[in-house]
file data-v6.cif (mmCIF, C-alpha atoms)
data_model
loop_
_atom_site.label_atom_id
_atom_site.label_comp_id
_atom_site.auth_asym_id
_atom_site.auth_seq_id
_atom_site.Cartn_x
_atom_site.Cartn_y
_atom_site.Cartn_z
CA MET U 1 0.00 0.00 0.00
CA PRO U 2 1.60 3.31 -1.02
CA SER U 3 1.95 6.00 1.56
CA LEU U 4 -0.51 8.87 1.69
CA THR U 5 2.10 11.37 0.52
CA LYS U 6 2.95 9.24 -2.52
CA MET U 7 -0.75 8.92 -3.35
CA ILE U 8 -1.30 12.68 -3.11
CA PHE U 9 1.97 14.15 -4.34
CA GLY U 10 3.19 11.38 -6.59
CA ASN U 11 6.79 10.33 -6.60
CA GLY U 12 8.20 11.03 -10.01
CA PRO U 13 11.82 11.13 -11.03
CA LEU U 14 11.84 14.90 -10.62
CA GLY U 15 10.51 14.81 -7.06
CA PRO U 16 7.10 15.18 -5.46
CA SER U 17 4.37 16.72 -7.56
CA LEU U 18 0.71 17.60 -7.16
CA ALA U 19 0.15 16.93 -10.88
CA PRO U 20 -1.25 13.36 -10.54
CA TRP U 21 -3.71 14.52 -7.89
CA ILE U 22 -4.81 17.54 -9.94
CA ARG U 23 -5.19 15.47 -13.14
CA GLN U 24 -7.72 13.23 -11.40
CA ARG U 25 -10.05 16.20 -10.86
CA PRO U 26 -11.17 17.81 -14.16
CA GLY U 27 -12.60 20.97 -12.54
CA LEU U 28 -9.41 21.56 -10.60
CA GLN U 29 -7.35 20.83 -13.70
CA LYS U 30 -9.13 23.56 -15.69
CA TYR U 31 -8.60 26.03 -12.85
CA TRP U 32 -4.89 25.24 -12.43
CA ALA U 33 -4.25 25.23 -16.19
CA ARG U 34 -4.77 29.00 -16.27
CA TRP U 35 -2.39 29.53 -13.36
CA SER U 36 0.23 27.17 -14.76
CA ASN U 37 0.22 29.00 -18.11
CA PHE U 38 0.54 32.31 -16.27
CA TYR U 39 3.44 30.92 -14.20
CA LYS U 40 5.24 29.49 -17.26
CA ASN U 41 5.05 32.87 -18.98
CA ALA U 42 6.08 34.76 -15.82
CA ALA U 43 9.01 32.42 -15.11
CA GLY U 44 10.89 33.90 -18.06
CA TYR U 45 12.60 30.78 -19.33
CA ARG U 46 10.66 30.94 -22.59
CA GLN U 47 11.80 34.53 -23.12
CA LYS U 48 15.41 33.33 -23.01
CA GLY U 49 14.73 30.52 -25.49
CA TYR U 50 14.84 27.60 -23.04
CA LEU U 51 12.56 24.59 -22.99
CA TYR U 52 11.18 23.34 -19.67
CA ASP U 53 13.43 20.27 -19.66
CA ASP U 54 16.51 22.48 -20.10
CA LEU U 55 16.00 23.62 -16.50
CA ILE U 56 16.27 20.14 -14.96
CA VAL U 57 19.29 19.80 -12.65
CA GLU U 58 21.90 17.64 -14.37
CA GLU U 59 23.84 16.43 -11.33
CA THR U 60 21.79 13.30 -10.62
CA PRO U 61 22.96 9.99 -12.11
CA GLN U 62 19.52 9.36 -13.64
CA VAL U 63 19.60 12.65 -15.54
CA GLN U 64 23.17 11.96 -16.69
CA LYS U 65 22.09 8.61 -18.16
CA ALA U 66 19.06 10.24 -19.80
CA LEU U 67 21.26 12.94 -21.35
CA GLN U 68 23.47 10.23 -22.86
CA ARG U 69 20.40 8.75 -24.55
CA LEU U 70 19.56 11.95 -26.41
CA SER U 71 20.12 11.97 -30.15
CA PRO U 72 23.07 14.06 -31.43
CA GLN U 73 20.65 16.68 -32.79
CA GLN U 74 18.85 16.97 -29.44
CA ARG U 75 22.19 17.33 -27.65
CA TYR U 76 23.29 20.05 -30.05
CA ASP U 77 20.00 21.92 -29.71
CA ARG U 78 20.18 21.69 -25.90
CA VAL U 79 23.72 23.09 -25.80
CA PHE U 80 22.74 25.85 -28.23
CA ARG U 81 19.76 26.86 -26.07
CA MET U 82 21.89 26.78 -22.93
CA ARG U 83 24.64 28.95 -24.41
CA ARG U 84 22.17 31.41 -25.91
CA GLY U 85 20.26 31.61 -22.60
CA ILE U 86 23.43 32.19 -20.59
CA LEU U 87 24.52 34.98 -22.93
CA GLN U 88 21.09 36.60 -22.64
CA SER U 89 21.18 36.31 -18.84
CA MET U 90 24.67 37.80 -18.63
CA GLY U 91 23.58 40.75 -20.74
CA HIS U 92 20.31 41.14 -18.78
CA LYS U 93 18.45 40.94 -22.08
CA LYS U 94 15.57 39.00 -23.54
CA LEU U 95 15.45 37.47 -26.99
CA PRO U 96 13.40 39.21 -29.66
CA LYS U 97 9.76 38.18 -29.32
CA GLU U 98 9.79 36.09 -32.50
CA GLN U 99 12.60 33.92 -31.03
CA TRP U 100 10.82 33.18 -27.73
CA THR U 101 9.84 29.58 -27.10
CA THR U 102 6.16 29.13 -27.83
CA PRO U 103 3.96 26.78 -25.78
CA GLU U 104 3.73 24.48 -28.81
CA GLN U 105 7.54 24.24 -29.01
CA ASP U 106 7.91 23.67 -25.26
CA VAL U 107 7.69 19.88 -25.31
CA ARG U 108 9.17 17.47 -22.81
CA TYR U 109 12.10 15.76 -24.49
CA LEU U 110 14.13 14.73 -21.44
CA THR U 111 11.50 13.83 -18.84
CA PRO U 112 10.36 10.62 -20.62
CA LEU U 113 13.98 9.47 -20.78
CA ILE U 114 14.49 10.20 -17.07
CA GLU U 115 11.35 8.22 -16.23
CA GLN U 116 12.62 5.36 -18.38
CA VAL U 117 15.99 5.35 -16.57
CA VAL U 118 14.30 5.39 -13.15
CA ALA U 119 12.02 2.51 -14.17
CA GLU U 120 15.03 0.50 -15.41
CA GLU U 121 16.91 1.12 -12.17
CA ALA U 122 13.88 0.03 -10.12
CA GLU U 123 13.56 -3.13 -12.22
CA ARG U 124 17.29 -3.82 -11.90
CA ALA U 125 17.09 -3.39 -8.12
CA GLU U 126 14.12 -5.74 -8.00
CA TRP U 127 16.03 -8.40 -9.93
CA ASP U 128 19.17 -7.90 -7.83
CA TYR U 129 17.34 -8.63 -4.58
CA MET U 130 15.13 -11.41 -5.92
CA THR U 131 15.75 -14.90 -4.59
CA VAL U 132 14.43 -18.13 -5.95
CA GLU U 133 11.64 -19.65 -3.85
CA LYS U 134 13.22 -23.12 -3.77
CA ILE U 135 16.42 -21.67 -2.34
CA GLN U 136 14.36 -19.94 0.34
CA GLN U 137 12.55 -23.21 1.13
CA LYS U 138 15.85 -25.09 1.45
CA ARG U 139 17.19 -22.41 3.74
CA ALA U 140 14.03 -22.61 5.85
CA GLU U 141 14.38 -26.39 6.09
CA LYS U 142 18.00 -26.06 7.20
CA ARG U 143 16.94 -23.65 9.94
CA ASN U 144 14.31 -26.10 11.23
CA ILE U 145 16.77 -28.98 11.78
CA PHE U 146 16.88 -28.43 15.54
CA SER U 147 13.17 -27.89 16.04
CA LYS U 148 11.06 -30.64 17.61
CA ARG U 149 9.89 -33.26 15.21
CA GLU U 150 6.25 -34.14 15.09
CA GLY U 151 5.31 -37.32 16.97
CA THR U 152 8.29 -37.17 19.40
CA HIS U 153 8.12 -35.75 22.89
#

call {"tool": "encode", "arguments": {"input": "data-v6.cif", "output": "structure tokens"}}
result
Amino acid sequence: MPSLTKMIFGNGPLGPSLAPWIRQRPGLQKYWARWSNFYKNAAGYRQKGYLYDDLIVEETPQVQKALQRLSPQQRYDRVFRMRRGILQSMGHKKLPKEQWTTPEQDVRYLTPLIEQVVAEEAERAEWDYMTVEKIQQKRAEKRNIFSKREGTH
């Protein structure tokens, strides 16, 4: 049984999130969609030419593996956006409006790969700690050698 916090906040590869809980309630989802669009526009990352997944912290091993799985073109585009964004930040400037990232262009390209890596690591951990039932039964029988046998007093 998952914990209450995992049920409410979810436990994705990027940390806790209210998104699964909000997605289950259509009325709440419509309400929060307006605020999320407002927040995305106010955050300013689109005005510098970034995509949402460009802002994910790269220091975790899962993100490093996911970055290695990107195609060469995706890697090049990511580095280009990062360099352009850093130059704009250093100059305290914004890109011209026609170069801003539009909501249609702001797609998740890295998050699915991170989720895939996390799922593979969970599966690998499950297989690493799995023991065969017959081995467990033999071990249990060996432990019961000194216990009283049925029919003897």

call {"tool": "residues_around", "arguments": {"input": "data-v6.cif", "residues": "Asp53 in chain U", "least_positions_apart": "4", "cutoff": "7 Å", "atoms": "only C-alpha atoms", "output": "MDAnalysis selection string"}}
result
chainID U and resid 108:111

call {"tool": "atom_distance", "arguments": {"input": "data-v6.cif", "atom1": "CA of Ser89 in chain U", "atom2": "CA of Asn41 in chain U"}}
result
16.5 Å

call {"tool": "closest_residue", "arguments": {"input": "data-v6.cif", "among": "U:Ile56, U:Tyr50, U:Val107, U:Pro61", "to": "Asp77 in chain U", "atoms": "all atoms listed in the file"}}
result
U:Tyr50

call {"tool": "atom_distance", "arguments": {"input": "data-v6.cif", "atom1": "CA of Val117 in chain U", "atom2": "CA of Thr60 in chain U"}}
result
11.5 Å

call {"tool": "closest_residue", "arguments": {"input": "data-v6.cif", "among": "U:Arg139, U:Gln116, U:Lys48, U:Gln29", "to": "Ile86 in chain U", "atoms": "only C-alpha atoms"}}
result
U:Lys48

call {"tool": "atom_distance", "arguments": {"input": "data-v6.cif", "atom1": "CA of Met90 in chain U", "atom2": "CA of Pro72 in chain U"}}
result
27.0 Å

call {"tool": "residues_near_point", "arguments": {"input": "data-v6.cif", "point": "(17.1, 38.4, -24.0)", "cutoff": "12 Å", "atoms": "all atoms listed in the file", "output": "PyMOL selection string"}}
result
chain U and resi 44-50+84-101

call {"tool": "axis_aligned_box", "arguments": {"input": "data-v6.cif", "around": "range 21-28 of chain U", "padding_each_side": "6 Å", "output": "JSON"}}
result
{"center_x": -8.2, "center_y": 17.4, "center_z": -11.0, "size_x": 20.9, "size_y": 20.3, "size_z": 18.3}

call {"tool": "residues_around", "arguments": {"input": "data-v6.cif", "residues": "range 32-37 of chain U", "least_positions_apart": "5", "cutoff": "12 Å", "atoms": "all atoms listed in the file", "output": "ChimeraX atom specification"}}
result
/U:18-19,21-23,25-27,42-44,46,102-103,106
